[in-house]
Amino acid sequence: MSFLRFVGAILFLVAIFGASNAQLSATFYDTTCPNVTSIVRGVMDQRQRTDARAGAKIIRLHFHDCFVNGCDGSILLDTDGTQTEKDAPANVGAGGFDIVDDIKTALENVCPGVVSCADILALASEIGVVLAKGPSWQVLFGRKDSLTANRSGANSDIPSPFETLAVMIPQFTNKGMDLTDLVALSGAHTFGRARCGTFEQRLFNFNGSGNPDLTVDATFLQTLQGICPQGGNNGNTFTNLDISTPNDFDNDYFTNLQSNQGLLQTDQELFSTSGSATIAIVNRYAGSQTQFFDDFVSSMIKLGNISPLTGTNGQIRTDCKRVN
């Protein structure tokens with residue numbers, strides 16, 4: 001991690017925690033649930049053996065959770081008389097809720113009422129990346145779970161797959177994240193899958209032009225058109241976000257962008273937006289997996305520290321799907 005990035009991360013933590021004196025800690029569960037990491041790892045390892053998308057599903061939930069009212073587990077709440085974040089268009093098709101339920105059940109059996117759902121998302125995200133051969137980092141704990149969800153916030157604050165870079169940048173800066181964070185966190189698309197509906201607008205009639213998105217590599221375009229034919233029943237058709245090493249957490253996502261083989265519009269925008277400072281960051285990560293891993297770790301720590309509920313705020317849900 002570069003010195004400037006380290007200082008930036010420290011300043012961000014000070015800004016987040018200074019007003020409320022909130023404090024997350026790596027040792028938060030050392031006495032109340034000392035086996036929390038091994039328990040979560042056991043569930044994640046089992047699930048990832050049968051579902052290569054498990055880690056990608058969890059990290060998406062964590063990201064979408066933290067971008068709406070902070071990292072408070074609100075994305076996990078089921079509809080209960082009001083619309084929740086699960087109903088928001090940005091979260092349609094999101095998976096991994098059953099994995100969270102399995103982790104929560106395992107933890108409740110050992111240390112009931114202790115580990116929050118928001119902390120589960122943070123820890124399981126790190127473990128999912130490690131299981132996919134990615135970097136590890138020290139996860140901080142102490143988040144509480146929210147009592148409400150915010151669907152309107154999910155509609156406005158979470159980048160959709162169809163955004164331009166000009167739209168995404170303020171969505172990140174509003175959360176205290178910079179361009180490096182945007183590109184590094186987008187690198188989580190180095191594993192996982194996406195439905196045709198998240199990118200097929202690029203294949204045939206991009207922005208109403210009647211033509212495909214010109215930034216899509218011609219051979220890659222033909223492949224995607226075969227997977228998601230125009231007018232086809234593509235609702236449950238998935239393809240890999242990373243065409244080269246779809247189940248490994250590596251820097252191939254960035255070399256794919258250099259070859260115009262980014263799957264989502266939001267992916268390719270990082271490299272194909274003329275004059276953008278993100279191009280140099282993509283090139284740096286494509287040339288150095290170590291640099292990508294270092295910055296990704298820094299950005300994940302920043303992400304996990306966005307406006308957590310701590311202390312007497314919030315609660316520890318015994319069921320992540322509903323308020324106690």
# chains A, B, ... in the order shown; residues from 1 in each chain; ligands from 1
$ select_by_dssp --residues "range 23-154 of chain A" --states "helix (DSSP H, G or I)" --output "JSON, numbers by chain"
{"A": [36, 37, 38, 39, 40, 41, 42, 43, 44, 45, 46, 47, 48, 49, 50, 54, 55, 56, 57, 58, 59, 60, 61, 62, 63, 64, 65, 66, 74, 75, 76, 85, 86, 87, 89, 90, 91, 97, 98, 99, 100, 101, 102, 103, 104, 105, 106, 107, 108, 109, 110, 117, 118, 119, 120, 121, 122, 123, 124, 125, 126, 127, 128, 129, 130, 131, 151, 152, 153, 154]}
$ write_last_selection --atoms "C-alpha atoms" --output "short mmCIF file (atom, residue, chain, number, x, y, z; two decimals), in the first residue's frame"
data_model
loop_
_atom_site.label_atom_id
_atom_site.label_comp_id
_atom_site.auth_asym_id
_atom_site.auth_seq_id
_atom_site.Cartn_x
_atom_site.Cartn_y
_atom_site.Cartn_z
CA VAL A 36 -16.05 -16.09 14.81
CA THR A 37 -13.53 -16.19 11.96
CA SER A 38 -13.20 -19.98 11.87
CA ILE A 39 -16.98 -20.42 12.01
CA VAL A 40 -17.58 -18.04 9.11
CA ARG A 41 -14.70 -19.55 7.15
CA GLY A 42 -16.16 -23.04 7.60
CA VAL A 43 -19.51 -22.01 6.14
CA MET A 44 -17.95 -20.01 3.31
CA ASP A 45 -15.59 -22.82 2.39
CA GLN A 46 -18.43 -25.30 2.24
CA ARG A 47 -20.62 -23.02 0.16
CA GLN A 48 -17.84 -22.01 -2.22
CA ARG A 49 -17.13 -25.67 -2.97
CA THR A 50 -20.64 -26.04 -4.41
CA ALA A 54 -20.49 -17.53 -3.26
CA GLY A 55 -17.71 -15.04 -2.55
CA ALA A 56 -18.82 -12.70 -5.32
CA LYS A 57 -22.39 -12.76 -4.03
CA ILE A 58 -21.34 -11.82 -0.51
CA ILE A 59 -19.00 -9.01 -1.49
CA ARG A 60 -21.75 -7.52 -3.66
CA LEU A 61 -24.12 -7.56 -0.68
CA HIS A 62 -21.47 -5.90 1.49
CA PHE A 63 -20.80 -3.17 -1.08
CA HIS A 64 -24.50 -2.49 -1.70
CA ASP A 65 -25.15 -2.48 2.04
CA CYS A 66 -22.42 0.02 2.88
CA SER A 74 -30.02 -3.07 6.07
CA ILE A 75 -29.84 -4.83 2.70
CA LEU A 76 -30.61 -8.13 4.44
CA GLU A 85 -33.58 -2.39 -0.14
CA LYS A 86 -34.00 -5.90 -1.52
CA ASP A 87 -36.83 -4.55 -3.68
CA PRO A 89 -33.77 -2.24 -8.95
CA ALA A 90 -30.05 -2.14 -8.06
CA ASN A 91 -30.52 -5.25 -5.92
CA PHE A 97 -28.84 -14.10 1.37
CA ASP A 98 -29.09 -17.83 2.08
CA ILE A 99 -25.34 -17.94 2.73
CA VAL A 100 -25.67 -15.15 5.28
CA ASP A 101 -28.52 -17.06 6.93
CA ASP A 102 -26.33 -20.19 7.18
CA ILE A 103 -23.49 -18.18 8.72
CA LYS A 104 -25.83 -16.50 11.19
CA THR A 105 -27.31 -19.83 12.24
CA ALA A 106 -23.84 -21.28 12.82
CA LEU A 107 -22.83 -18.29 14.93
CA GLU A 108 -26.05 -18.24 16.93
CA ASN A 109 -25.47 -21.87 17.84
CA VAL A 110 -22.09 -21.00 19.39
CA CYS A 117 -25.19 -9.27 10.42
CA ALA A 118 -23.26 -6.22 9.25
CA ASP A 119 -20.04 -7.73 10.65
CA ILE A 120 -20.88 -11.04 8.99
CA LEU A 121 -20.96 -9.31 5.59
CA ALA A 122 -17.59 -7.65 6.23
CA LEU A 123 -15.87 -10.84 7.40
CA ALA A 124 -17.44 -13.17 4.84
CA SER A 125 -16.37 -10.78 2.06
CA GLU A 126 -12.74 -11.03 3.12
CA ILE A 127 -12.93 -14.80 3.43
CA GLY A 128 -14.63 -15.14 0.04
CA VAL A 129 -11.80 -13.17 -1.61
CA VAL A 130 -9.14 -15.28 0.12
CA LEU A 131 -10.84 -18.54 -0.92
CA ARG A 151 -35.14 1.72 -0.57
CA SER A 152 -34.93 5.25 -1.95
CA GLY A 153 -31.28 5.35 -0.93
CA ALA A 154 -30.67 2.07 -2.72
#
$ residues_around --residues "Asn234 in chain A" --least-positions-apart "6" --cutoff "10 Å" --atoms "only C-alpha atoms" --output "ChimeraX atom specification"
/A:195-197,200,227-228
$ residues_around --residues "Trp137 in chain A" --least-positions-apart "6" --cutoff "9 Å" --atoms "only C-alpha atoms" --output "VMD selection string"
chain A and resid 126 297 to 298 300 to 301
$ atom_distance --atom1 "CA of Gly93 in chain A" --atom2 "CA of Phe238 in chain A"
11.0 Å
$ closest_residue --among "A:Ala94, A:Ile281, A:Leu147, A:Cys71" --to "Ile306 in chain A" --atoms "only C-alpha atoms"
A:Cys71
$ residues_around --residues "Asp157 in chain A" --least-positions-apart "5" --cutoff "7 Å" --atoms "only C-alpha atoms" --output "short mmCIF file (atom, residue, chain, number, x, y, z; two decimals) with all heavy atoms, in the first residue's frame"
data_model
loop_
_atom_site.label_atom_id
_atom_site.label_comp_id
_atom_site.auth_asym_id
_atom_site.auth_seq_id
_atom_site.Cartn_x
_atom_site.Cartn_y
_atom_site.Cartn_z
N PHE A 67 -23.14 1.23 0.88
CA PHE A 67 -23.43 2.43 0.09
C PHE A 67 -24.80 3.02 0.42
O PHE A 67 -25.14 4.08 -0.10
CB PHE A 67 -23.29 2.13 -1.40
CG PHE A 67 -22.01 2.63 -1.99
CD1 PHE A 67 -20.80 2.33 -1.39
CD2 PHE A 67 -21.99 3.42 -3.13
CE1 PHE A 67 -19.60 2.80 -1.92
CE2 PHE A 67 -20.81 3.90 -3.67
CZ PHE A 67 -19.60 3.60 -3.06
N VAL A 68 -25.58 2.34 1.25
CA VAL A 68 -26.90 2.87 1.63
C VAL A 68 -26.95 2.96 3.15
O VAL A 68 -27.02 1.95 3.84
CB VAL A 68 -28.03 1.96 1.11
CG1 VAL A 68 -29.39 2.55 1.49
CG2 VAL A 68 -27.93 1.79 -0.40
N GLN A 171 -21.20 9.26 -7.00
CA GLN A 171 -21.74 8.23 -6.12
C GLN A 171 -20.67 7.72 -5.16
O GLN A 171 -20.97 7.38 -4.01
CB GLN A 171 -22.32 7.08 -6.94
CG GLN A 171 -23.61 7.43 -7.67
CD GLN A 171 -24.11 6.29 -8.56
OE1 GLN A 171 -23.34 5.68 -9.30
NE2 GLN A 171 -25.39 6.01 -8.49
#
$ closest_atom_pairs --of "range 80-196 of chain A" --to "range 202-220 of chain A" --cutoff "12 Å" --atoms "only C-alpha atoms" --output "JSON lines"
{"residue": "A:Pro161", "atom": "CA", "partner": "A:Arg202", "partner_atom": "CA", "distance": 10.7}
{"residue": "A:Phe162", "atom": "CA", "partner": "A:Arg202", "partner_atom": "CA", "distance": 9.1}
{"residue": "A:Glu163", "atom": "CA", "partner": "A:Asn207", "partner_atom": "CA", "distance": 11.4}
{"residue": "A:Thr164", "atom": "CA", "partner": "A:Asn207", "partner_atom": "CA", "distance": 11.5}
{"residue": "A:Cys196", "atom": "CA", "partner": "A:Leu203", "partner_atom": "CA", "distance": 9.9}
$ write_last_selection --atoms "C-alpha atoms" --output "JSON list (two decimals), in the first residue's frame"
[["chain", "number", "residue", "atom", "x", "y", "z"],
["A", 161, "PRO", "CA", -24.64, -1.60, -14.46],
["A", 162, "PHE", "CA", -25.71, 1.04, -17.01],
["A", 163, "GLU", "CA", -24.05, 4.11, -15.49],
["A", 164, "THR", "CA", -21.52, 6.36, -17.14],
["A", 196, "CYS", "CA", -27.86, -10.89, -19.57]]
$ atom_distance --atom1 "CA of Ala188 in chain A" --atom2 "CA of Asn174 in chain A"
20.3 Å
$ residues_around --residues "Leu140 in chain A" --least-positions-apart "3" --cutoff "6 Å" --atoms "only C-alpha atoms" --output "JSON, numbers by chain"
{"A": [24, 25, 26]}
$ closest_residue --among "A:Ala194, A:Leu257, A:Cys33, A:Leu224" --to "Pro112 in chain A" --atoms "only C-alpha atoms"
A:Cys33
$ atom_distance --atom1 "CA of Thr237 in chain A" --atom2 "CA of Thr255 in chain A"
24.7 Å
$ residues_around --residues "Leu270 in chain A" --least-positions-apart "3" --cutoff "10 Å" --atoms "only C-alpha atoms" --output "MDAnalysis selection string"
chainID A and resid 164:165 179 182:183 186 254 257:258 262 265:267 273:274 276:282
$ write_last_selection --atoms "N, CA, C and O atoms" --output "short mmCIF file (atom, residue, chain, number, x, y, z; two decimals), in the first residue's frame"
data_model
loop_
_atom_site.label_atom_id
_atom_site.label_comp_id
_atom_site.auth_asym_id
_atom_site.auth_seq_id
_atom_site.Cartn_x
_atom_site.Cartn_y
_atom_site.Cartn_z
N THR A 164 -22.75 5.80 -16.58
CA THR A 164 -21.52 6.36 -17.14
C THR A 164 -20.56 6.67 -15.99
O THR A 164 -20.96 6.75 -14.83
N LEU A 165 -19.32 6.87 -16.33
CA LEU A 165 -18.33 7.21 -15.32
C LEU A 165 -18.68 8.53 -14.64
O LEU A 165 -18.48 8.70 -13.43
N LEU A 179 -11.22 8.13 -6.84
CA LEU A 179 -11.14 7.39 -8.10
C LEU A 179 -10.41 6.07 -7.96
O LEU A 179 -10.78 5.06 -8.58
N LEU A 182 -12.79 3.63 -6.58
CA LEU A 182 -13.76 3.23 -7.60
C LEU A 182 -13.19 2.12 -8.48
O LEU A 182 -13.85 1.09 -8.71
N VAL A 183 -11.98 2.33 -8.97
CA VAL A 183 -11.38 1.34 -9.87
C VAL A 183 -11.00 0.07 -9.12
O VAL A 183 -11.25 -1.05 -9.60
N SER A 186 -14.11 -1.90 -8.26
CA SER A 186 -14.66 -2.49 -9.49
C SER A 186 -13.94 -3.78 -9.83
O SER A 186 -14.51 -4.68 -10.46
N PHE A 254 -8.61 -6.32 -15.31
CA PHE A 254 -8.06 -5.08 -15.87
C PHE A 254 -7.43 -5.30 -17.24
O PHE A 254 -7.54 -4.43 -18.11
N LEU A 257 -10.23 -5.22 -19.64
CA LEU A 257 -10.65 -3.86 -20.00
C LEU A 257 -9.75 -3.29 -21.08
O LEU A 257 -10.22 -2.60 -22.00
N GLN A 258 -8.45 -3.56 -21.00
CA GLN A 258 -7.52 -3.07 -22.01
C GLN A 258 -7.82 -3.65 -23.39
O GLN A 258 -7.52 -3.04 -24.42
N GLY A 262 -14.57 -5.78 -21.16
CA GLY A 262 -15.30 -5.58 -19.92
C GLY A 262 -16.77 -5.89 -20.15
O GLY A 262 -17.35 -5.44 -21.14
N GLN A 265 -21.26 -2.10 -18.77
CA GLN A 265 -20.91 -0.75 -19.20
C GLN A 265 -20.06 -0.06 -18.15
O GLN A 265 -19.07 0.62 -18.47
N THR A 266 -20.41 -0.24 -16.87
CA THR A 266 -19.65 0.39 -15.79
C THR A 266 -18.21 -0.12 -15.72
O THR A 266 -17.32 0.58 -15.25
N ASP A 267 -17.99 -1.35 -16.18
CA ASP A 267 -16.63 -1.88 -16.24
C ASP A 267 -15.82 -1.16 -17.32
O ASP A 267 -14.78 -0.56 -17.05
N THR A 273 -13.45 5.72 -21.31
CA THR A 273 -13.89 7.11 -21.21
C THR A 273 -12.70 8.02 -21.50
O THR A 273 -11.75 8.10 -20.72
N SER A 274 -12.73 8.69 -22.62
CA SER A 274 -11.60 9.47 -23.09
C SER A 274 -11.18 10.52 -22.06
O SER A 274 -12.01 11.26 -21.53
N SER A 276 -10.10 10.17 -19.07
CA SER A 276 -10.35 9.89 -17.66
C SER A 276 -9.08 9.45 -16.94
O SER A 276 -8.28 8.68 -17.47
N ALA A 277 -8.94 9.92 -15.70
CA ALA A 277 -7.81 9.50 -14.88
C ALA A 277 -7.89 8.03 -14.51
O ALA A 277 -6.88 7.45 -14.07
N THR A 278 -9.04 7.41 -14.68
CA THR A 278 -9.17 5.99 -14.35
C THR A 278 -8.38 5.10 -15.31
O THR A 278 -8.03 3.98 -14.96
N ILE A 279 -8.09 5.59 -16.50
CA ILE A 279 -7.35 4.79 -17.48
C ILE A 279 -5.96 4.43 -16.94
O ILE A 279 -5.53 3.28 -17.05
N ALA A 280 -5.30 5.40 -16.37
CA ALA A 280 -3.96 5.14 -15.83
C ALA A 280 -4.02 4.15 -14.67
O ALA A 280 -3.10 3.31 -14.50
N ILE A 281 -5.08 4.21 -13.88
CA ILE A 281 -5.22 3.27 -12.76
C ILE A 281 -5.45 1.86 -13.29
O ILE A 281 -4.86 0.89 -12.78
N VAL A 282 -6.30 1.73 -14.31
CA VAL A 282 -6.52 0.42 -14.93
C VAL A 282 -5.20 -0.13 -15.46
O VAL A 282 -4.86 -1.31 -15.24
#
$ closest_residue --among "A:Asn69, A:Asn305, A:Gln83, A:Asn251" --to "Gly287 in chain A" --atoms "only C-alpha atoms"
A:Asn251
